[in-house]
Amino acid sequence: MTDPSRLFTPVMLGALDLPNRVLMAPLTRNRAHSDGTPWKTAQTYYAQRASAGLIISEATQVTPRGKGYLDTPGIHSDDHVAAWRKITDAVHARGGRIFLQLWHVGRISHVSLLPEGETPQAPSAIRADQKTFTADGFTDCSEPHEMTHEEIREAVEAFRQGAERARDAGFDGVEIHSANGYLLDQFLQDKTNRRDDQYGGPVENRLRFVQEVIDAVATVWPRERIGIRLSPLGQANDIDDSDRETLFTAVYSMISEARLAYLHVVEEFYGTDTTDAEIDLLKRLRAGYEGVYISNGGFTADRAVETLASGHCDAVAFGRPFIANPDLPERFRVGADLNPQDPDTFYGGDETGYIDYPFLPDERTI
């Protein structure tokens with residue numbers, strides 16, 4: 001194994017001094033109560049992983065209209081705040097740091113998951129060729145409706161209120177989810193945004209909604225405690241753009257100017273092969289971004305060390321490895337084998353595959 005020491009050099013991420021560069025990526029686990037309140041068991045799940053340089057929570061909807069999957073958590077009620085507060089307290093008691101990822105799925109939803117009588121919201125009324133997870137299993141996404149200006153204002157306000165509740169719940173900061181074909185990404189990319197008003201058409205118009213969300217969240221949190229996640233290669237939830245490079249060059253420039261704590265980029269999706277042309281695009285986009293940059297997507301410890309050494313990123317976010325290895329940083333540090341993953345328990349279920357993965361023998365468990 002490559003010398004892992006580079007993974008364990010501290011890094012300043014906005015206002016936070018992280019002890020290592022092994023971050024926990026947001027991981028949907030479908031283990032919240034039906035009303036969006038996190039399970040009590042989530043306190044153990046997150047605390048077990050507190051040795052990450054930073055935990056970024058599972059995607060958490062800021063409004064009932066932003067829900068797209070069964071049993072995902074919310075941050076839009078007092079009960080949600082109370083439950084998340086116990087989770088952040090548990091993480092902090094173990095010396096960890098945790099951001100909440102703020103989420104609205106947009107058109108990647110089904111009417112059965114939304115307030116009665118409502119259809120999914122989207123920049124344009126274009127149905128996603130995608131399935132989502134409902135009480136009936138995997139189900140085709142419902143036809144969305146084009147958001148009115150009032151609904152856009154309400155969505156921006158929901159992100160602001162979600163940020164406020166995240167602060168009340170004791171998080172160290174928030175990450176705005178603008179990736180993977182969800183609502184903010186849908187406004188950015190022209191496959192899903194066919195509007196002819198100030199939120200559609202030219203690139204500068206399609207950036208407007210994301211900019212408004214950033215500005216709204218920044219009325220609650222200092223910008224040095226706000227991150228944002230992007231996925232410029234598409235590859236998820238039927239998203240695409242006719243000119244990715246022009247679009248995301250503008251997005252990266254906007255985020256550089258916003259002076260946020262970090263930019264978190266999904267550079268590879270599980271089960272896909274990133275082409276040489278896509279790798280080159282990621283490098284060109286990266287060259288135009290000024291700030292802390294987090295890479296995500298299919299990393300091993302060796303590849304993470306190499307990517308850090310190249311200067312491409314400042315930290316690496318790991319997903320599936322953190323599911324199966326609550327002590328992932330220590331395993332990387334000592335070169336230990338990783339626990340095998342059980343994909344059958346990734347989404348939904350009980351404590352099996354959630355809080356029962358073993359630590360190294362000399363590690364303290366909770």
# chains A, B, ... in the order shown; residues from 1 in each chain; ligands from 1

$ select_by_dssp --residues "segment 206-291 of chain A" --states "strand (DSSP E or B)" --output "PyMOL selection string"
chain A and resi 226-230+262-266

$ select_by_dssp --residues "segment 189-236 of chain A" --states "alpha helix (DSSP H)" --output "mmCIF file with N, CA, C and O atoms, in the first residue's frame"
data_model
loop_
_atom_site.group_PDB
_atom_site.id
_atom_site.type_symbol
_atom_site.label_atom_id
_atom_site.label_comp_id
_atom_site.auth_asym_id
_atom_site.auth_seq_id
_atom_site.Cartn_x
_atom_site.Cartn_y
_atom_site.Cartn_z
ATOM 1 N N VAL A 203 -27.082 30.380 -19.770
ATOM 2 C CA VAL A 203 -26.447 29.798 -18.588
ATOM 3 C C VAL A 203 -26.617 30.696 -17.363
ATOM 4 O O VAL A 203 -26.933 30.219 -16.263
ATOM 5 N N GLU A 204 -26.448 32.007 -17.547
ATOM 6 C CA GLU A 204 -26.536 32.887 -16.382
ATOM 7 C C GLU A 204 -27.926 32.854 -15.750
ATOM 8 O O GLU A 204 -28.065 33.028 -14.537
ATOM 9 N N ASN A 205 -28.945 32.581 -16.534
ATOM 10 C CA ASN A 205 -30.288 32.444 -15.977
ATOM 11 C C ASN A 205 -30.452 31.123 -15.237
ATOM 12 O O ASN A 205 -31.087 31.056 -14.178
ATOM 13 N N ARG A 206 -29.871 30.077 -15.776
ATOM 14 C CA ARG A 206 -30.015 28.759 -15.152
ATOM 15 C C ARG A 206 -29.236 28.666 -13.838
ATOM 16 O O ARG A 206 -29.514 27.805 -13.005
ATOM 17 N N ARG A 208 -29.356 31.033 -11.668
ATOM 18 C CA ARG A 208 -30.012 31.956 -10.743
ATOM 19 C C ARG A 208 -30.578 31.257 -9.508
ATOM 20 O O ARG A 208 -30.417 31.719 -8.380
ATOM 21 N N PHE A 209 -31.260 30.124 -9.690
ATOM 22 C CA PHE A 209 -31.881 29.434 -8.560
ATOM 23 C C PHE A 209 -30.822 28.964 -7.563
ATOM 24 O O PHE A 209 -30.967 29.149 -6.351
ATOM 25 N N VAL A 210 -29.739 28.390 -8.058
ATOM 26 C CA VAL A 210 -28.669 27.931 -7.174
ATOM 27 C C VAL A 210 -28.065 29.107 -6.420
ATOM 28 O O VAL A 210 -27.818 29.036 -5.208
ATOM 29 N N GLN A 211 -27.855 30.224 -7.118
ATOM 30 C CA GLN A 211 -27.306 31.405 -6.458
ATOM 31 C C GLN A 211 -28.245 31.916 -5.369
ATOM 32 O O GLN A 211 -27.800 32.300 -4.272
ATOM 33 N N GLU A 212 -29.540 31.886 -5.639
ATOM 34 C CA GLU A 212 -30.498 32.351 -4.638
ATOM 35 C C GLU A 212 -30.504 31.440 -3.411
ATOM 36 O O GLU A 212 -30.633 31.916 -2.276
ATOM 37 N N VAL A 213 -30.362 30.138 -3.621
ATOM 38 C CA VAL A 213 -30.303 29.204 -2.491
ATOM 39 C C VAL A 213 -29.043 29.461 -1.665
ATOM 40 O O VAL A 213 -29.092 29.517 -0.434
ATOM 41 N N ILE A 214 -27.897 29.614 -2.338
ATOM 42 C CA ILE A 214 -26.654 29.905 -1.609
ATOM 43 C C ILE A 214 -26.812 31.167 -0.776
ATOM 44 O O ILE A 214 -26.461 31.211 0.415
ATOM 45 N N ASP A 215 -27.348 32.217 -1.389
ATOM 46 C CA ASP A 215 -27.482 33.489 -0.679
ATOM 47 C C ASP A 215 -28.438 33.364 0.508
ATOM 48 O O ASP A 215 -28.204 33.966 1.572
ATOM 49 N N ALA A 216 -29.498 32.572 0.333
ATOM 50 C CA ALA A 216 -30.458 32.391 1.429
ATOM 51 C C ALA A 216 -29.820 31.638 2.595
ATOM 52 O O ALA A 216 -29.979 32.024 3.764
ATOM 53 N N VAL A 217 -29.090 30.573 2.288
ATOM 54 C CA VAL A 217 -28.425 29.789 3.340
ATOM 55 C C VAL A 217 -27.382 30.641 4.043
ATOM 56 O O VAL A 217 -27.183 30.532 5.264
#

$ residues_around --residues "Ile255 of chain A" --least-positions-apart "4" --cutoff "9 Å" --atoms "only C-alpha atoms" --output "number ranges by chain"
A: 211, 228, 250-251, 259-260, 262-263, 289-291

$ write_last_selection --atoms "all heavy atoms" --output "PDB file, in the first residue's frame"
ATOM      1  N   GLN A 211     -27.855  30.224  -7.118  1.00  0.00           N
ATOM      2  CA  GLN A 211     -27.306  31.405  -6.458  1.00  0.00           C
ATOM      3  C   GLN A 211     -28.245  31.916  -5.369  1.00  0.00           C
ATOM      4  O   GLN A 211     -27.800  32.300  -4.272  1.00  0.00           O
ATOM      5  CB  GLN A 211     -27.066  32.515  -7.479  1.00  0.00           C
ATOM      6  CG  GLN A 211     -26.446  33.780  -6.896  1.00  0.00           C
ATOM      7  CD  GLN A 211     -25.015  33.570  -6.457  1.00  0.00           C
ATOM      8  OE1 GLN A 211     -24.121  33.438  -7.293  1.00  0.00           O
ATOM      9  NE2 GLN A 211     -24.770  33.532  -5.145  1.00  0.00           N
ATOM     10  N   ILE A 228     -20.997  22.943  -0.981  1.00  0.00           N
ATOM     11  CA  ILE A 228     -21.944  22.626  -2.047  1.00  0.00           C
ATOM     12  C   ILE A 228     -21.434  21.420  -2.815  1.00  0.00           C
ATOM     13  O   ILE A 228     -20.217  21.225  -2.954  1.00  0.00           O
ATOM     14  CB  ILE A 228     -22.159  23.832  -2.981  1.00  0.00           C
ATOM     15  CG1 ILE A 228     -23.347  23.572  -3.931  1.00  0.00           C
ATOM     16  CG2 ILE A 228     -20.885  24.187  -3.739  1.00  0.00           C
ATOM     17  CD1 ILE A 228     -23.827  24.821  -4.655  1.00  0.00           C
ATOM     18  N   ALA A 250     -19.025  28.049 -15.687  1.00  0.00           N
ATOM     19  CA  ALA A 250     -19.727  29.174 -15.068  1.00  0.00           C
ATOM     20  C   ALA A 250     -20.135  28.847 -13.628  1.00  0.00           C
ATOM     21  O   ALA A 250     -20.052  29.705 -12.742  1.00  0.00           O
ATOM     22  CB  ALA A 250     -20.953  29.539 -15.900  1.00  0.00           C
ATOM     23  N   VAL A 251     -20.569  27.604 -13.377  1.00  0.00           N
ATOM     24  CA  VAL A 251     -20.967  27.208 -12.027  1.00  0.00           C
ATOM     25  C   VAL A 251     -19.768  27.265 -11.085  1.00  0.00           C
ATOM     26  O   VAL A 251     -19.847  27.813  -9.968  1.00  0.00           O
ATOM     27  CB  VAL A 251     -21.589  25.801 -12.018  1.00  0.00           C
ATOM     28  CG1 VAL A 251     -21.919  25.373 -10.587  1.00  0.00           C
ATOM     29  CG2 VAL A 251     -22.854  25.761 -12.861  1.00  0.00           C
ATOM     30  N   ARG A 259     -17.159  32.119  -2.182  1.00  0.00           N
ATOM     31  CA  ARG A 259     -16.241  31.913  -1.052  1.00  0.00           C
ATOM     32  C   ARG A 259     -16.840  30.981   0.008  1.00  0.00           C
ATOM     33  O   ARG A 259     -16.847  31.279   1.204  1.00  0.00           O
ATOM     34  CB  ARG A 259     -15.839  33.252  -0.417  1.00  0.00           C
ATOM     35  CG  ARG A 259     -15.026  34.144  -1.334  1.00  0.00           C
ATOM     36  CD  ARG A 259     -13.647  33.542  -1.592  1.00  0.00           C
ATOM     37  NE  ARG A 259     -12.780  34.440  -2.335  1.00  0.00           N
ATOM     38  CZ  ARG A 259     -12.538  34.354  -3.650  1.00  0.00           C
ATOM     39  NH1 ARG A 259     -13.124  33.388  -4.356  1.00  0.00           N
ATOM     40  NH2 ARG A 259     -11.728  35.193  -4.246  1.00  0.00           N
ATOM     41  N   LEU A 260     -17.318  29.832  -0.457  1.00  0.00           N
ATOM     42  CA  LEU A 260     -17.863  28.841   0.458  1.00  0.00           C
ATOM     43  C   LEU A 260     -16.733  28.024   1.073  1.00  0.00           C
ATOM     44  O   LEU A 260     -15.577  28.110   0.655  1.00  0.00           O
ATOM     45  CB  LEU A 260     -18.836  27.919  -0.285  1.00  0.00           C
ATOM     46  CG  LEU A 260     -20.022  28.606  -0.970  1.00  0.00           C
ATOM     47  CD1 LEU A 260     -20.942  27.572  -1.613  1.00  0.00           C
ATOM     48  CD2 LEU A 260     -20.800  29.479   0.003  1.00  0.00           C
ATOM     49  N   TYR A 262     -16.217  24.846   0.863  1.00  0.00           N
ATOM     50  CA  TYR A 262     -15.666  23.840  -0.056  1.00  0.00           C
ATOM     51  C   TYR A 262     -16.610  23.583  -1.213  1.00  0.00           C
ATOM     52  O   TYR A 262     -17.804  23.899  -1.166  1.00  0.00           O
ATOM     53  CB  TYR A 262     -15.387  22.521   0.677  1.00  0.00           C
ATOM     54  CG  TYR A 262     -16.610  21.813   1.233  1.00  0.00           C
ATOM     55  CD1 TYR A 262     -17.398  20.997   0.432  1.00  0.00           C
ATOM     56  CD2 TYR A 262     -16.949  21.931   2.576  1.00  0.00           C
ATOM     57  CE1 TYR A 262     -18.513  20.329   0.941  1.00  0.00           C
ATOM     58  CE2 TYR A 262     -18.060  21.269   3.104  1.00  0.00           C
ATOM     59  CZ  TYR A 262     -18.828  20.473   2.266  1.00  0.00           C
ATOM     60  OH  TYR A 262     -19.936  19.821   2.773  1.00  0.00           O
ATOM     61  N   LEU A 263     -16.035  22.982  -2.251  1.00  0.00           N
ATOM     62  CA  LEU A 263     -16.773  22.413  -3.372  1.00  0.00           C
ATOM     63  C   LEU A 263     -16.544  20.910  -3.350  1.00  0.00           C
ATOM     64  O   LEU A 263     -15.399  20.453  -3.339  1.00  0.00           O
ATOM     65  CB  LEU A 263     -16.278  23.002  -4.693  1.00  0.00           C
ATOM     66  CG  LEU A 263     -16.785  22.331  -5.983  1.00  0.00           C
ATOM     67  CD1 LEU A 263     -18.302  22.374  -6.078  1.00  0.00           C
ATOM     68  CD2 LEU A 263     -16.138  22.990  -7.206  1.00  0.00           C
ATOM     69  N   TYR A 289     -11.306  26.573 -10.348  1.00  0.00           N
ATOM     70  CA  TYR A 289     -11.959  26.755  -9.049  1.00  0.00           C
ATOM     71  C   TYR A 289     -10.941  27.165  -7.995  1.00  0.00           C
ATOM     72  O   TYR A 289      -9.894  26.529  -7.840  1.00  0.00           O
ATOM     73  CB  TYR A 289     -12.672  25.474  -8.607  1.00  0.00           C
ATOM     74  CG  TYR A 289     -13.184  25.556  -7.188  1.00  0.00           C
ATOM     75  CD1 TYR A 289     -14.245  26.393  -6.874  1.00  0.00           C
ATOM     76  CD2 TYR A 289     -12.574  24.847  -6.152  1.00  0.00           C
ATOM     77  CE1 TYR A 289     -14.702  26.512  -5.564  1.00  0.00           C
ATOM     78  CE2 TYR A 289     -13.024  24.954  -4.843  1.00  0.00           C
ATOM     79  CZ  TYR A 289     -14.084  25.788  -4.560  1.00  0.00           C
ATOM     80  OH  TYR A 289     -14.524  25.919  -3.271  1.00  0.00           O
ATOM     81  N   GLU A 290     -11.245  28.205  -7.251  1.00  0.00           N
ATOM     82  CA  GLU A 290     -10.387  28.665  -6.165  1.00  0.00           C
ATOM     83  C   GLU A 290     -11.051  28.347  -4.842  1.00  0.00           C
ATOM     84  O   GLU A 290     -12.086  28.916  -4.504  1.00  0.00           O
ATOM     85  CB  GLU A 290     -10.155  30.175  -6.297  1.00  0.00           C
ATOM     86  CG  GLU A 290      -9.438  30.585  -7.574  1.00  0.00           C
ATOM     87  CD  GLU A 290      -9.277  32.093  -7.684  1.00  0.00           C
ATOM     88  OE1 GLU A 290      -9.664  32.788  -6.718  1.00  0.00           O
ATOM     89  OE2 GLU A 290      -8.784  32.561  -8.721  1.00  0.00           O
ATOM     90  N   GLY A 291     -10.479  27.442  -4.098  1.00  0.00           N
ATOM     91  CA  GLY A 291     -11.036  27.080  -2.808  1.00  0.00           C
ATOM     92  C   GLY A 291     -10.761  25.623  -2.488  1.00  0.00           C
ATOM     93  O   GLY A 291     -10.122  24.895  -3.264  1.00  0.00           O
TER      94      GLY A 291
END

$ closest_residue --among "A:Pro123, A:Gly162, A:Gly14, A:Gly173" --to "Gln198 of chain A" --atoms "only C-alpha atoms"
A:Pro123

$ residues_around --residues "Arg303 of chain A" --least-positions-apart "5" --cutoff "12 Å" --atoms "only C-alpha atoms" --output "ChimeraX atom specification"
/A:1-4,6-7,295-298,308-310,312-313,315-316,318,332

$ residues_around --residues "His104 of chain A" --least-positions-apart "5" --cutoff "7 Å" --atoms "only C-alpha atoms" --output "number ranges by chain"
A: 61-62, 66-67, 182-183

$ write_last_selection --atoms "N, CA and C atoms" --output "short mmCIF file (atom, residue, chain, number, x, y, z; two decimals), in the first residue's frame"
data_model
loop_
_atom_site.label_atom_id
_atom_site.label_comp_id
_atom_site.auth_asym_id
_atom_site.auth_seq_id
_atom_site.Cartn_x
_atom_site.Cartn_y
_atom_site.Cartn_z
N GLN A 61 -34.31 16.18 3.33
CA GLN A 61 -35.20 17.10 2.62
C GLN A 61 -35.59 18.29 3.49
N VAL A 62 -35.60 19.45 2.83
CA VAL A 62 -35.88 20.71 3.53
C VAL A 62 -37.38 21.03 3.57
N GLY A 66 -40.06 18.15 -1.06
CA GLY A 66 -38.76 17.77 -1.60
C GLY A 66 -38.41 16.33 -1.38
N LYS A 67 -39.37 15.52 -0.93
CA LYS A 67 -39.11 14.11 -0.63
C LYS A 67 -39.23 13.27 -1.90
N TYR A 182 -30.94 16.20 -8.93
CA TYR A 182 -32.02 16.67 -8.06
C TYR A 182 -32.32 18.14 -8.39
N LEU A 183 -33.16 18.80 -7.58
CA LEU A 183 -33.78 20.04 -8.02
C LEU A 183 -32.79 21.11 -8.48
#

$ atom_distance --atom1 "atom CA of Phe359 of chain A" --atom2 "atom CA of Asp17 of chain A"
25.4 Å

$ residues_around --residues "Arg49 of chain A" --least-positions-apart "2" --cutoff "12 Å" --atoms "only C-alpha atoms" --output "MDAnalysis selection string"
chainID A and resid 22:25 42:47 51:57 87:88 90:98 318:319 321:330 354:355 357:359 364:366
